[in-house]
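> Following this message is one structure expressed as structure tokens.
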Amino acid sequence: MGHIFDFKDAGSYDAWFDQNKNRYCLELEIKLLLDLLSPKNGQRILDIGCGTGISIEPLLNKGLNLTGIDPSLYMLDIASKKFGDKVALHRGPAEDLPFDDNEFDSAFFFTSLEFTERPGKAIEEACRVAKDTLVICVLNRYAPLSLFRRIKGFFVPTIYTHAHFFSILELKHILHAILGKVPVKWRTTLQFPFVRGKIPAFIENFKIIQKSFFGTFIAMKIKPVPTFRTRPMTLKIKNQKAYNPATGLATRMR
């Protein structure tokens with residue numbers, strides 16, 4: 001199941017994004033997510049590892065049927081207070097989604113795959129429940145900011161101590177192992193994490209810049225191959241009854 005956010009983590013999660021520098025990063029990440037997800041009115045969309053709903057908020061009021069799932073009861077409690085009945089929230093792990101095959105049009109991970117115990121299994125489940133689009137957003141192992149966070153984690157434990165950072169090639173390898181050589185589209189953002197302002201934000205929007213292998217945030221889009229969960233069927237075998245001749249029949253005389 002991986003790392004589950006506790007009460008302390010949940011309480012500080014939204015507060016972390018309220019800081020100006022982190023809000024700036026979030027806005028760039030959300031913009032890239034929406035560009036690749038391309039949500040359309042009436043679609044059923046699943047946020048896997050939705051947490052407090054940071055990545056669901058931009059999808060509200062777009063005419064979408066929204067569902068979120070997360071293993072942390074504390075994170076879901078905050079999300080529930082935010083959204084009420086606007087979003088269907090479920091508690092559960094990404095590796096075993098409690099949904100039917102192809103139940104959603106699209107699904108996405110937003111910096112949640114890093115905290116799963118079996119990311120390959122989580123992706124496989126996402127492909128099972130999403131019929132049209134899967135977008136995977138993760139933190140880039142080779143980005144300068146990620147390197148800084150990983151080094152810092154050796155000395156001061158943070159939430160990133162529990163995270164597995166991915167590379168573009170590693171993520172593609174996992175996807176191809178599950179789905180075969182399906183087309184994969186990817187882009188990155190937050191190329192300049194230590195600089196903020198209108199000019200860096202403007203530069204971040206160029207697609208040629210977003211093809212950098214060193215952006216802090218990777219967003220990867222695939223079209224899942226239709227898959228179905230199979231379970232072994234139980235066969236009931238009845239023992240044949242011994243044959244007893246009916247009474248009243250003539251018997252052969254010896």
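Chains: A, B, ... in order of the structure tokens. Residues: from 1 per chain. Ligands: from 1, in order shown.
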When DSSP is applied to the backbone of this structure, which of range 110-223 of chain A are assigned strand (DSSP E)? Write them out as a list in words.

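Strand (DSSP E) assignments inside range 110-223 of chain A correspond to Phe110, Ala130, Lys131, Asp132, Thr133, Leu134, Val135, Ile136, Cys137, Val138, Leu139, Val184, Lys185, Trp186, Arg187, Thr188, Thr189, Phe217, Ile218, Ala219, Met220, Lys221 and Ile222 of chain A.
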
> Enumerate as an MDAnalysis selection string all residues of range 64-206 of chain A assigned to alpha helix (DSSP H) by DSSP on the backbone, naming them with the chain letters and numbers the document uses.

chainID A and resid 73:83 119:129 144:155 168:179 198:204

> Would you output that residue set with N, CA and C atoms, as a compact mmCIF listing (two decimals), in the first residue's frame?


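File written: result_6.txt
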```txt
# COMPACT_ATOMS: atom_id res chain seq x y z
N LEU A 73 -7.55 8.27 5.62
CA LEU A 73 -8.83 8.75 6.13
C LEU A 73 -8.76 10.23 6.49
N TYR A 74 -7.61 10.68 6.96
CA TYR A 74 -7.45 12.08 7.38
C TYR A 74 -7.48 13.01 6.17
N MET A 75 -6.84 12.60 5.08
CA MET A 75 -6.86 13.42 3.87
C MET A 75 -8.27 13.47 3.28
N LEU A 76 -8.96 12.34 3.29
CA LEU A 76 -10.32 12.29 2.75
C LEU A 76 -11.28 13.12 3.59
N ASP A 77 -11.04 13.19 4.88
CA ASP A 77 -11.91 13.99 5.75
C ASP A 77 -11.84 15.46 5.36
N ILE A 78 -10.65 15.95 5.04
CA ILE A 78 -10.48 17.34 4.61
C ILE A 78 -11.15 17.55 3.26
N ALA A 79 -10.95 16.60 2.34
CA ALA A 79 -11.56 16.70 1.02
C ALA A 79 -13.08 16.69 1.11
N SER A 80 -13.61 15.88 2.00
CA SER A 80 -15.06 15.79 2.16
C SER A 80 -15.65 17.11 2.65
N LYS A 81 -14.95 17.79 3.54
CA LYS A 81 -15.41 19.09 4.03
C LYS A 81 -15.36 20.15 2.94
N LYS A 82 -14.43 20.01 2.02
CA LYS A 82 -14.30 20.97 0.91
C LYS A 82 -15.43 20.81 -0.11
N PHE A 83 -15.68 19.56 -0.49
CA PHE A 83 -16.51 19.29 -1.66
C PHE A 83 -17.94 18.87 -1.37
N PRO A 119 4.02 0.57 -7.72
CA PRO A 119 3.55 1.50 -8.74
C PRO A 119 3.07 0.81 -10.02
N GLY A 120 3.73 -0.29 -10.40
CA GLY A 120 3.31 -1.01 -11.60
C GLY A 120 1.89 -1.54 -11.46
N LYS A 121 1.58 -2.10 -10.30
CA LYS A 121 0.24 -2.62 -10.05
C LYS A 121 -0.78 -1.48 -10.02
N ALA A 122 -0.40 -0.34 -9.46
CA ALA A 122 -1.31 0.82 -9.40
C ALA A 122 -1.63 1.30 -10.82
N ILE A 123 -0.62 1.34 -11.69
CA ILE A 123 -0.85 1.75 -13.08
C ILE A 123 -1.73 0.74 -13.79
N GLU A 124 -1.49 -0.52 -13.53
CA GLU A 124 -2.30 -1.58 -14.15
C GLU A 124 -3.77 -1.43 -13.77
N GLU A 125 -4.03 -1.14 -12.51
CA GLU A 125 -5.40 -0.93 -12.05
C GLU A 125 -6.02 0.31 -12.69
N ALA A 126 -5.22 1.37 -12.81
CA ALA A 126 -5.73 2.59 -13.45
C ALA A 126 -6.12 2.32 -14.90
N CYS A 127 -5.32 1.52 -15.59
CA CYS A 127 -5.63 1.18 -16.98
C CYS A 127 -6.88 0.31 -17.06
N ARG A 128 -7.15 -0.44 -16.03
CA ARG A 128 -8.34 -1.29 -16.03
C ARG A 128 -9.62 -0.47 -15.89
N VAL A 129 -9.59 0.57 -15.07
CA VAL A 129 -10.83 1.31 -14.79
C VAL A 129 -11.03 2.50 -15.73
N PRO A 144 16.74 19.25 -10.68
CA PRO A 144 17.56 19.86 -9.61
C PRO A 144 16.82 19.93 -8.27
N LEU A 145 15.55 20.33 -8.29
CA LEU A 145 14.80 20.44 -7.04
C LEU A 145 14.61 19.08 -6.38
N SER A 146 14.38 18.05 -7.18
CA SER A 146 14.22 16.70 -6.63
C SER A 146 15.51 16.20 -6.01
N LEU A 147 16.63 16.49 -6.65
CA LEU A 147 17.92 16.11 -6.08
C LEU A 147 18.14 16.80 -4.74
N PHE A 148 17.77 18.08 -4.67
CA PHE A 148 17.89 18.82 -3.42
C PHE A 148 17.02 18.20 -2.33
N ARG A 149 15.78 17.84 -2.68
CA ARG A 149 14.85 17.25 -1.70
C ARG A 149 15.35 15.90 -1.21
N ARG A 150 15.92 15.11 -2.10
CA ARG A 150 16.41 13.79 -1.72
C ARG A 150 17.62 13.89 -0.81
N ILE A 151 18.52 14.81 -1.11
CA ILE A 151 19.70 15.01 -0.25
C ILE A 151 19.28 15.54 1.11
N LYS A 152 18.35 16.48 1.12
CA LYS A 152 17.85 17.04 2.38
C LYS A 152 17.22 15.96 3.25
N GLY A 153 16.56 14.98 2.60
CA GLY A 153 15.89 13.92 3.33
C GLY A 153 16.83 13.03 4.12
N PHE A 154 18.11 12.99 3.74
CA PHE A 154 19.09 12.21 4.48
C PHE A 154 19.37 12.83 5.85
N PHE A 155 19.16 14.12 5.97
CA PHE A 155 19.50 14.83 7.20
C PHE A 155 18.26 15.26 7.99
N ILE A 168 11.68 9.81 -16.62
CA ILE A 168 10.83 9.62 -17.79
C ILE A 168 11.02 8.22 -18.36
N LEU A 169 12.26 7.78 -18.47
CA LEU A 169 12.54 6.46 -19.04
C LEU A 169 12.01 5.34 -18.16
N GLU A 170 12.13 5.50 -16.86
CA GLU A 170 11.62 4.47 -15.93
C GLU A 170 10.11 4.34 -16.06
N LEU A 171 9.43 5.47 -16.12
CA LEU A 171 7.98 5.47 -16.22
C LEU A 171 7.53 4.84 -17.55
N LYS A 172 8.22 5.18 -18.63
CA LYS A 172 7.89 4.57 -19.93
C LYS A 172 8.13 3.06 -19.91
N HIS A 173 9.19 2.65 -19.24
CA HIS A 173 9.50 1.22 -19.15
C HIS A 173 8.37 0.48 -18.43
N ILE A 174 7.87 1.05 -17.34
CA ILE A 174 6.77 0.42 -16.60
C ILE A 174 5.52 0.32 -17.47
N LEU A 175 5.21 1.41 -18.17
CA LEU A 175 4.02 1.44 -19.02
C LEU A 175 4.12 0.42 -20.15
N HIS A 176 5.27 0.34 -20.80
CA HIS A 176 5.43 -0.60 -21.90
C HIS A 176 5.42 -2.05 -21.42
N ALA A 177 5.89 -2.28 -20.20
CA ALA A 177 5.87 -3.64 -19.64
C ALA A 177 4.43 -4.09 -19.40
N ILE A 178 3.56 -3.14 -19.07
CA ILE A 178 2.16 -3.47 -18.78
C ILE A 178 1.33 -3.51 -20.05
N LEU A 179 1.52 -2.52 -20.94
CA LEU A 179 0.63 -2.32 -22.07
C LEU A 179 1.23 -2.67 -23.42
N LYS A 198 6.63 36.46 -13.79
CA LYS A 198 5.89 36.39 -15.05
C LYS A 198 6.75 35.85 -16.20
N ILE A 199 8.02 36.26 -16.23
CA ILE A 199 8.88 35.82 -17.34
C ILE A 199 9.15 34.31 -17.27
N PRO A 200 9.58 33.76 -16.11
CA PRO A 200 9.76 32.30 -16.05
C PRO A 200 8.46 31.54 -16.33
N ALA A 201 7.34 32.05 -15.83
CA ALA A 201 6.06 31.39 -16.06
C ALA A 201 5.70 31.40 -17.54
N PHE A 202 6.01 32.49 -18.21
CA PHE A 202 5.75 32.60 -19.65
C PHE A 202 6.60 31.59 -20.43
N ILE A 203 7.87 31.48 -20.07
CA ILE A 203 8.78 30.56 -20.74
C ILE A 203 8.35 29.11 -20.52
N GLU A 204 7.82 28.82 -19.33
CA GLU A 204 7.39 27.46 -19.00
C GLU A 204 6.31 26.94 -19.94
```

> Determine the nearest neighbour of Asp35 in chain A from the options A:Pro71, A:Lys211, A:Asn205, A:Phe217, counting only C-alpha atoms.

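For Asp35 in chain A, the nearest of the given residues is A:Asn205.
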
> Report the distance between CA of His90 in chain A and CA of Thr67 in chain A in Å, rounded to one decimal place.

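One can read the CA of His90 in chain A to CA of Thr67 in chain A distance as 7.8 Å.
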
> Work out how far CA of Asp70 in chain A is from CA of Leu46 in chain A, in Å to one decimal.

10.9 Å

> From the set A:Glu114, A:Ile69, A:Ile136, A:Thr52, which residue has the shortest atom-to-atom contact distance to Tyr13 in chain A, counting only C-alpha atoms?

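Result for the nearest residue to Tyr13 in chain A: A:Thr52.
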
> Go through A:Thr158, A:Asn140, A:Ser112, A:Ser106 one by one, measure the shortest atom-to-atom distance of each to Phe213 in chain A using only C-alpha atoms, and give the residue with the smallest value.

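Counting only C-alpha atoms, the residue closest to Phe213 in chain A is A:Asn140.
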
> For CA of Ala15 in chain A and CA of Gly53 in chain A, determine how far apart the two atoms are, in Å to one decimal place.

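Interatomic distance here is 13.1 Å.
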
> Please identify all polymer residues within 6 Å of Lys221 in chain A, counting only C-alpha atoms, omitting same-chain residues fewer than 6 positions from it, and present them as a PyMOL selection string.

chain A and resi 134-135+184-185

> Keeping only N, CA and C atoms, write the selected residues to a file as a short mmCIF file (atom, residue, chain, number, x, y, z; two decimals), in the first residue's frame.


```
data_model
loop_
_atom_site.label_atom_id
_atom_site.label_comp_id
_atom_site.auth_asym_id
_atom_site.auth_seq_id
_atom_site.Cartn_x
_atom_site.Cartn_y
_atom_site.Cartn_z
N LEU A 134 -5.30 7.98 -19.55
CA LEU A 134 -4.63 7.93 -18.25
C LEU A 134 -3.50 8.94 -18.27
N VAL A 135 -3.47 9.84 -17.28
CA VAL A 135 -2.39 10.81 -17.15
C VAL A 135 -1.67 10.55 -15.82
N VAL A 184 3.11 7.04 -26.15
CA VAL A 184 3.21 7.78 -24.88
C VAL A 184 3.54 9.24 -25.18
N LYS A 185 2.78 10.15 -24.62
CA LYS A 185 3.06 11.58 -24.73
C LYS A 185 3.50 12.09 -23.36
#
```

> Residues within 12 Å of Leu64 in chain A, please, as a count of residues only. Count only C-alpha atoms; anything in the same chain fewer than 3 positions from it doesn't count.

22

> Pick the closest to Asn102 in chain A from A:Glu27, A:Ala143, A:Pro224, A:Thr161: which is it, counting only C-alpha atoms?

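The closest residue to Asn102 in chain A is A:Pro224.
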